[in-house]
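Engineer: Okay, so here is protein-v6.cif, and as you'll see once you scroll down, it has mmCIF, N, CA, C and O atoms and all ligand atoms.
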```
data_query
#
loop_
_atom_site.label_atom_id
_atom_site.label_comp_id
_atom_site.auth_asym_id
_atom_site.auth_seq_id
_atom_site.Cartn_x
_atom_site.Cartn_y
_atom_site.Cartn_z
N MET A 5 87.81 77.65 250.63
CA MET A 5 86.69 77.93 249.73
C MET A 5 87.22 78.34 248.36
O MET A 5 88.36 78.76 248.22
N VAL A 6 86.38 78.19 247.38
CA VAL A 6 86.77 78.55 246.01
C VAL A 6 85.59 79.25 245.34
O VAL A 6 84.44 78.89 245.53
N GLN A 7 85.92 80.30 244.61
CA GLN A 7 84.88 81.00 243.87
C GLN A 7 84.53 80.22 242.61
O GLN A 7 85.39 79.56 242.02
N ALA A 8 83.28 80.32 242.18
CA ALA A 8 82.84 79.56 241.01
C ALA A 8 83.70 79.90 239.80
O ALA A 8 84.05 79.01 239.02
N GLU A 9 84.08 81.17 239.64
CA GLU A 9 84.88 81.53 238.46
C GLU A 9 86.30 80.99 238.57
O GLU A 9 86.94 80.74 237.55
N ASP A 10 86.78 80.78 239.82
CA ASP A 10 88.11 80.20 239.99
C ASP A 10 88.10 78.72 239.62
O ASP A 10 89.10 78.18 239.13
N ALA A 11 86.98 78.06 239.86
CA ALA A 11 86.88 76.63 239.56
C ALA A 11 87.12 76.37 238.08
O ALA A 11 87.82 75.43 237.71
N SER A 12 86.57 77.23 237.23
CA SER A 12 86.77 77.02 235.79
C SER A 12 88.23 77.25 235.43
O SER A 12 88.76 76.61 234.52
N GLY A 13 88.92 78.16 236.14
CA GLY A 13 90.35 78.37 235.89
C GLY A 13 91.17 77.17 236.30
O GLY A 13 92.09 76.76 235.58
N ILE A 14 90.84 76.59 237.47
CA ILE A 14 91.53 75.38 237.92
C ILE A 14 91.33 74.27 236.91
O ILE A 14 92.26 73.56 236.54
N ARG A 15 90.10 74.14 236.44
CA ARG A 15 89.78 73.07 235.49
C ARG A 15 90.55 73.25 234.18
O ARG A 15 91.05 72.29 233.61
N GLN A 16 90.66 74.53 233.73
CA GLN A 16 91.38 74.79 232.47
C GLN A 16 92.86 74.45 232.64
O GLN A 16 93.47 73.88 231.74
N GLN A 17 93.44 74.80 233.79
CA GLN A 17 94.84 74.48 234.04
C GLN A 17 95.06 72.97 234.02
O GLN A 17 96.07 72.47 233.52
N TRP A 18 94.10 72.24 234.61
CA TRP A 18 94.19 70.78 234.67
C TRP A 18 94.13 70.20 233.25
O TRP A 18 94.88 69.30 232.90
N ILE A 19 93.23 70.74 232.43
CA ILE A 19 93.12 70.28 231.03
C ILE A 19 94.40 70.60 230.28
O ILE A 19 94.92 69.78 229.52
N ASP A 20 94.94 71.82 230.52
CA ASP A 20 96.18 72.22 229.85
C ASP A 20 97.34 71.30 230.24
O ASP A 20 98.28 71.11 229.46
N ALA A 21 97.27 70.76 231.46
CA ALA A 21 98.33 69.87 231.94
C ALA A 21 98.14 68.46 231.40
O ALA A 21 98.88 67.55 231.76
N GLY A 22 97.14 68.25 230.55
CA GLY A 22 96.93 66.95 229.94
C GLY A 22 95.87 66.12 230.63
O GLY A 22 95.69 64.95 230.30
N GLY A 23 95.17 66.70 231.60
CA GLY A 23 94.09 65.99 232.28
C GLY A 23 94.58 64.73 232.99
O GLY A 23 94.04 63.66 232.76
N PRO A 24 95.60 64.86 233.85
CA PRO A 24 96.10 63.68 234.57
C PRO A 24 95.04 63.12 235.52
O PRO A 24 94.07 63.81 235.85
N ALA A 25 95.22 61.89 235.94
CA ALA A 25 94.29 61.27 236.88
C ALA A 25 94.27 62.07 238.17
O ALA A 25 95.28 62.61 238.61
N CYS A 26 93.07 62.19 238.76
CA CYS A 26 92.93 62.95 239.99
C CYS A 26 92.09 62.13 240.96
O CYS A 26 91.05 61.58 240.57
N ASP A 27 92.53 62.04 242.21
CA ASP A 27 91.75 61.28 243.19
C ASP A 27 90.80 62.19 243.98
O ASP A 27 90.15 61.76 244.91
N HIS A 28 90.74 63.47 243.56
CA HIS A 28 89.81 64.44 244.16
C HIS A 28 89.95 64.45 245.69
O HIS A 28 88.96 64.39 246.42
N ALA A 29 91.18 64.52 246.16
CA ALA A 29 91.44 64.42 247.60
C ALA A 29 91.22 65.76 248.30
O ALA A 29 91.04 65.80 249.51
N ASN A 30 91.22 66.86 247.55
CA ASN A 30 91.16 68.18 248.19
C ASN A 30 89.94 68.94 247.68
O ASN A 30 90.02 69.75 246.77
N LEU A 31 88.78 68.66 248.28
CA LEU A 31 87.54 69.32 247.87
C LEU A 31 87.31 70.56 248.72
O LEU A 31 87.53 70.56 249.92
N SER A 32 86.85 71.62 248.07
CA SER A 32 86.62 72.88 248.78
C SER A 32 85.20 73.36 248.48
O SER A 32 84.73 73.25 247.34
N PRO A 33 84.51 73.92 249.47
CA PRO A 33 83.16 74.45 249.21
C PRO A 33 83.21 75.54 248.14
O PRO A 33 84.10 76.38 248.15
N GLU A 34 82.25 75.51 247.23
CA GLU A 34 82.21 76.50 246.16
C GLU A 34 81.33 77.69 246.58
O GLU A 34 80.24 77.51 247.12
N PHE A 35 81.83 78.89 246.28
CA PHE A 35 81.09 80.11 246.57
C PHE A 35 80.81 80.86 245.27
O PHE A 35 81.63 80.85 244.35
N TYR A 36 79.66 81.48 245.20
CA TYR A 36 79.34 82.32 244.05
C TYR A 36 78.70 83.60 244.57
O TYR A 36 77.70 83.55 245.30
N LEU A 37 79.30 84.73 244.26
CA LEU A 37 78.83 86.04 244.73
C LEU A 37 78.67 86.05 246.26
O LEU A 37 77.72 86.58 246.81
N GLY A 38 79.66 85.41 246.94
CA GLY A 38 79.71 85.46 248.39
C GLY A 38 78.84 84.45 249.10
O GLY A 38 78.82 84.41 250.32
N SER A 39 78.11 83.61 248.35
CA SER A 39 77.24 82.62 248.98
C SER A 39 77.68 81.22 248.58
O SER A 39 78.14 81.01 247.46
N ARG A 40 77.50 80.28 249.49
CA ARG A 40 77.80 78.90 249.15
C ARG A 40 76.81 78.39 248.12
O ARG A 40 75.60 78.62 248.25
N THR A 41 77.34 77.70 247.12
CA THR A 41 76.45 77.12 246.11
C THR A 41 75.92 75.77 246.57
O THR A 41 74.96 75.26 246.00
N GLY A 42 76.55 75.19 247.62
CA GLY A 42 76.18 73.85 248.07
C GLY A 42 76.99 72.78 247.37
O GLY A 42 76.93 71.62 247.76
N ASP A 43 77.75 73.19 246.35
CA ASP A 43 78.60 72.24 245.65
C ASP A 43 80.03 72.34 246.17
O ASP A 43 80.38 73.28 246.88
N TYR A 44 80.84 71.37 245.77
CA TYR A 44 82.25 71.35 246.13
C TYR A 44 83.08 71.28 244.86
O TYR A 44 82.64 70.73 243.87
N VAL A 45 84.27 71.87 244.92
CA VAL A 45 85.17 71.86 243.78
C VAL A 45 86.47 71.18 244.18
O VAL A 45 87.02 71.45 245.26
N CYS A 46 86.96 70.31 243.31
CA CYS A 46 88.27 69.69 243.54
C CYS A 46 89.35 70.71 243.22
O CYS A 46 89.38 71.25 242.11
N MET A 47 90.24 70.97 244.20
CA MET A 47 91.29 71.96 243.99
C MET A 47 92.38 71.42 243.07
O MET A 47 93.24 72.17 242.62
N GLY A 48 92.34 70.13 242.81
CA GLY A 48 93.33 69.54 241.92
C GLY A 48 92.95 69.68 240.46
O GLY A 48 93.75 70.10 239.62
N CYS A 49 91.68 69.35 240.13
CA CYS A 49 91.28 69.30 238.73
C CYS A 49 90.11 70.23 238.41
O CYS A 49 89.77 70.41 237.25
N GLY A 50 89.51 70.83 239.43
CA GLY A 50 88.44 71.80 239.19
C GLY A 50 87.07 71.19 238.92
O GLY A 50 86.12 71.91 238.64
N GLU A 51 86.98 69.87 239.04
CA GLU A 51 85.68 69.23 238.81
C GLU A 51 84.73 69.57 239.96
O GLU A 51 85.14 69.66 241.11
N GLU A 52 83.46 69.75 239.63
CA GLU A 52 82.46 70.08 240.63
C GLU A 52 81.73 68.82 241.10
O GLU A 52 81.45 67.92 240.31
N PHE A 53 81.41 68.81 242.40
CA PHE A 53 80.68 67.69 242.99
C PHE A 53 79.55 68.22 243.84
O PHE A 53 79.67 69.27 244.47
N SER A 54 78.45 67.47 243.87
CA SER A 54 77.37 67.81 244.78
C SER A 54 77.81 67.48 246.21
O SER A 54 78.80 66.78 246.42
N ARG A 55 77.07 67.99 247.20
CA ARG A 55 77.40 67.69 248.60
C ARG A 55 77.44 66.18 248.83
O ARG A 55 78.32 65.66 249.50
N ARG A 56 76.47 65.46 248.25
CA ARG A 56 76.40 64.01 248.44
C ARG A 56 77.62 63.33 247.83
O ARG A 56 78.21 62.43 248.44
N GLU A 57 78.02 63.77 246.63
CA GLU A 57 79.19 63.18 245.98
C GLU A 57 80.45 63.46 246.79
O GLU A 57 81.33 62.61 246.94
N ALA A 58 80.55 64.69 247.33
CA ALA A 58 81.72 65.06 248.11
C ALA A 58 81.82 64.22 249.37
O ALA A 58 82.91 63.77 249.75
N GLN A 59 80.68 63.97 250.01
CA GLN A 59 80.69 63.14 251.22
C GLN A 59 81.12 61.72 250.89
O GLN A 59 81.89 61.10 251.63
N ALA A 60 80.65 61.19 249.77
CA ALA A 60 81.02 59.83 249.37
C ALA A 60 82.51 59.74 249.10
O ALA A 60 83.16 58.76 249.48
N LEU A 61 83.08 60.78 248.47
CA LEU A 61 84.51 60.78 248.20
C LEU A 61 85.30 60.84 249.49
O LEU A 61 86.32 60.17 249.66
N ARG A 62 84.84 61.66 250.44
CA ARG A 62 85.53 61.77 251.73
C ARG A 62 85.53 60.42 252.45
O ARG A 62 86.53 60.00 252.99
N GLN A 63 84.37 59.76 252.45
CA GLN A 63 84.27 58.48 253.15
C GLN A 63 85.15 57.44 252.48
O GLN A 63 85.78 56.63 253.15
N ALA A 64 85.21 57.48 251.15
CA ALA A 64 86.06 56.53 250.43
C ALA A 64 87.53 56.76 250.81
O ALA A 64 88.28 55.81 251.00
N GLY A 65 87.93 58.03 250.94
CA GLY A 65 89.30 58.33 251.30
C GLY A 65 89.62 57.90 252.72
O GLY A 65 90.70 57.38 253.00
N GLU A 66 88.65 58.08 253.64
CA GLU A 66 88.90 57.70 255.03
C GLU A 66 89.03 56.20 255.18
O GLU A 66 89.88 55.70 255.90
N SER A 67 88.17 55.45 254.48
CA SER A 67 88.21 53.99 254.62
C SER A 67 89.47 53.41 254.00
O SER A 67 89.85 52.29 254.31
N ALA A 68 90.11 54.18 253.12
CA ALA A 68 91.31 53.68 252.44
C ALA A 68 92.53 53.81 253.35
O ALA A 68 93.56 53.20 253.09
N GLU A 69 92.42 54.58 254.41
CA GLU A 69 93.58 54.79 255.27
C GLU A 69 93.74 53.67 256.30
O GLU A 69 92.80 52.97 256.58
ZN ZN B 101 90.05 66.19 241.16
#
```
Could I get this structure in the form of structure tokens?
Structural biologist:
Amino acid sequence: MVQAEDASGIRQQWIDAGGPACDHANLSPEFYLGSRTGDYVCMGCGEEFSRREAQALRQAGESAE
């Protein structure tokens, strides 16, 4: 899990690194004040995804294997 405020830190680090390409392979549920927001955050680049987007990314990754 990742806190909402941590997501912005991850995103800033990713931008500082030059914003390299990210395949969003490591999505984590986002929490805010101890509750799930229902969104997911990429632990690589900090981008936020809705539950539906996260599921689509997971399925795309599975079919690629
Ligand atoms: Zn990413």
Engineer: Near A:Gly38, within 10 Å and counting only C-alpha atoms, which residues show up once chain neighbours fewer than 3 positions away are dropped, as a PDB file with N, CA, C and O atoms, in the coordinates of the input?
Structural biologist:
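The resulting around-v1.pdb:
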```pdb
ATOM      1  N   GLN A   7      85.920  80.300 244.610  1.00  0.00           N
ATOM      2  CA  GLN A   7      84.880  81.000 243.870  1.00  0.00           C
ATOM      3  C   GLN A   7      84.530  80.220 242.610  1.00  0.00           C
ATOM      4  O   GLN A   7      85.390  79.560 242.020  1.00  0.00           O
ATOM      5  N   ALA A   8      83.280  80.320 242.180  1.00  0.00           N
ATOM      6  CA  ALA A   8      82.840  79.560 241.010  1.00  0.00           C
ATOM      7  C   ALA A   8      83.700  79.900 239.800  1.00  0.00           C
ATOM      8  O   ALA A   8      84.050  79.010 239.020  1.00  0.00           O
ATOM      9  N   GLU A  34      82.250  75.510 247.230  1.00  0.00           N
ATOM     10  CA  GLU A  34      82.210  76.500 246.160  1.00  0.00           C
ATOM     11  C   GLU A  34      81.330  77.690 246.580  1.00  0.00           C
ATOM     12  O   GLU A  34      80.240  77.510 247.120  1.00  0.00           O
ATOM     13  N   PHE A  35      81.830  78.890 246.280  1.00  0.00           N
ATOM     14  CA  PHE A  35      81.090  80.110 246.570  1.00  0.00           C
ATOM     15  C   PHE A  35      80.810  80.860 245.270  1.00  0.00           C
ATOM     16  O   PHE A  35      81.630  80.850 244.350  1.00  0.00           O
ATOM     17  N   THR A  41      77.340  77.700 247.120  1.00  0.00           N
ATOM     18  CA  THR A  41      76.450  77.120 246.110  1.00  0.00           C
ATOM     19  C   THR A  41      75.920  75.770 246.570  1.00  0.00           C
ATOM     20  O   THR A  41      74.960  75.260 246.000  1.00  0.00           O
TER      21      THR A  41
END
```
Engineer: Between A:Val6, A:Cys46, A:Ala64, A:Ala58, single out the one closest to ligand ZN 101 (chain B), counting only N, CA, C and O atoms and all ligand atoms.
Structural biologist: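 So, comparing all the options, the nearest one is A:Cys46.
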Engineer: Quick one: pull the distance between atom C of A:Gly65 and atom CA of A:Pro24, Å, one decimal.
Structural biologist: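 Going from atom C of A:Gly65 over to atom CA of A:Pro24 covers 20.1 Å.
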Engineer: Go through A:Ala25, A:Val45, A:Gly50, A:Tyr36 and flag the residue nearest A:Gly13, using only N, CA, C and O atoms for the distances.
Structural biologist: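 Smallest separation from A:Gly13 among the options: A:Gly50.
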Engineer: Sorted by chain and rising residue number, which residues of chain A lie within 12 Å of ligand ZN 101 (chain B), and what are their closest atom pairs and distances in Å to one decimal, counting only C-alpha atoms and all ligand atoms, as a Markdown table?
Structural biologist:
```
| residue | atom | partner | partner_atom | distance |
| --- | --- | --- | --- | --- |
| A:Ala11 | CA | B:ZN101 | ZN | 11.0 |
| A:Ile14 | CA | B:ZN101 | ZN | 9.9 |
| A:Arg15 | CA | B:ZN101 | ZN | 8.9 |
| A:Gln17 | CA | B:ZN101 | ZN | 11.9 |
| A:Trp18 | CA | B:ZN101 | ZN | 9.0 |
| A:Ile19 | CA | B:ZN101 | ZN | 11.3 |
| A:Gly23 | CA | B:ZN101 | ZN | 9.8 |
| A:Pro24 | CA | B:ZN101 | ZN | 9.3 |
| A:Ala25 | CA | B:ZN101 | ZN | 7.8 |
| A:Cys26 | CA | B:ZN101 | ZN | 4.5 |
| A:Asp27 | CA | B:ZN101 | ZN | 5.6 |
| A:His28 | CA | B:ZN101 | ZN | 3.5 |
| A:Ala29 | CA | B:ZN101 | ZN | 6.8 |
| A:Asn30 | CA | B:ZN101 | ZN | 7.4 |
| A:Leu31 | CA | B:ZN101 | ZN | 7.8 |
| A:Ser32 | CA | B:ZN101 | ZN | 10.7 |
| A:Tyr44 | CA | B:ZN101 | ZN | 10.6 |
| A:Val45 | CA | B:ZN101 | ZN | 7.9 |
| A:Cys46 | CA | B:ZN101 | ZN | 4.6 |
| A:Met47 | CA | B:ZN101 | ZN | 6.5 |
| A:Gly48 | CA | B:ZN101 | ZN | 4.7 |
| A:Cys49 | CA | B:ZN101 | ZN | 4.1 |
| A:Gly50 | CA | B:ZN101 | ZN | 6.2 |
| A:Glu51 | CA | B:ZN101 | ZN | 5.8 |
| A:Glu52 | CA | B:ZN101 | ZN | 8.5 |
| A:Phe53 | CA | B:ZN101 | ZN | 9.7 |
| A:Ala58 | CA | B:ZN101 | ZN | 10.9 |
| A:Leu61 | CA | B:ZN101 | ZN | 10.5 |
```
Engineer: Taking the DSSP secondary structure from the backbone, can you list the residues of chain A that are strand (DSSP E or B), as a count of residues only?
Structural biologist: 18
Engineer: Select from chain A everything DSSP, run on the backbone, classes as alpha helix (DSSP H), then give the selection as a list of chain:residue names.
Structural biologist: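 Assigned to alpha helix (DSSP H), within chain A: A:Ala8, A:Glu9, A:Asp10, A:Ala11, A:Ser12, A:Gly13, A:Ile14, A:Arg15, A:Gln16, A:Gln17, A:Trp18, A:Ile19, A:Asp20, A:Arg55, A:Arg56, A:Glu57, A:Ala58, A:Gln59, A:Ala60, A:Leu61, A:Arg62, A:Gln63, A:Ala64, A:Gly65, A:Glu66, A:Ser67.
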Engineer: Return the single residue from A:Met5, A:Asp10, A:Ser67, A:Gln16 that is closest to A:Pro33, with distances computed using all atoms listed in the file.
Structural biologist: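 The answer is A:Met5, which sits nearest to A:Pro33.
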Engineer: What's the separation between atom CA of A:Gly42 and atom C of A:Arg62, in Å to one decimal place?
Structural biologist: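 These two atoms are separated by 16.9 Å.
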Engineer: Edge lengths and centre, in Å to one decimal, as JSON: that's what I need for the box along x, y and z that holds all listed atoms of stretch 26-35 of chain A plus 8 Å on each side.
Structural biologist:
```
{"center_x": 86.7, "center_y": 71.1, "center_z": 244.3, "size_x": 28.8, "size_y": 35.6, "size_z": 27.2}
```
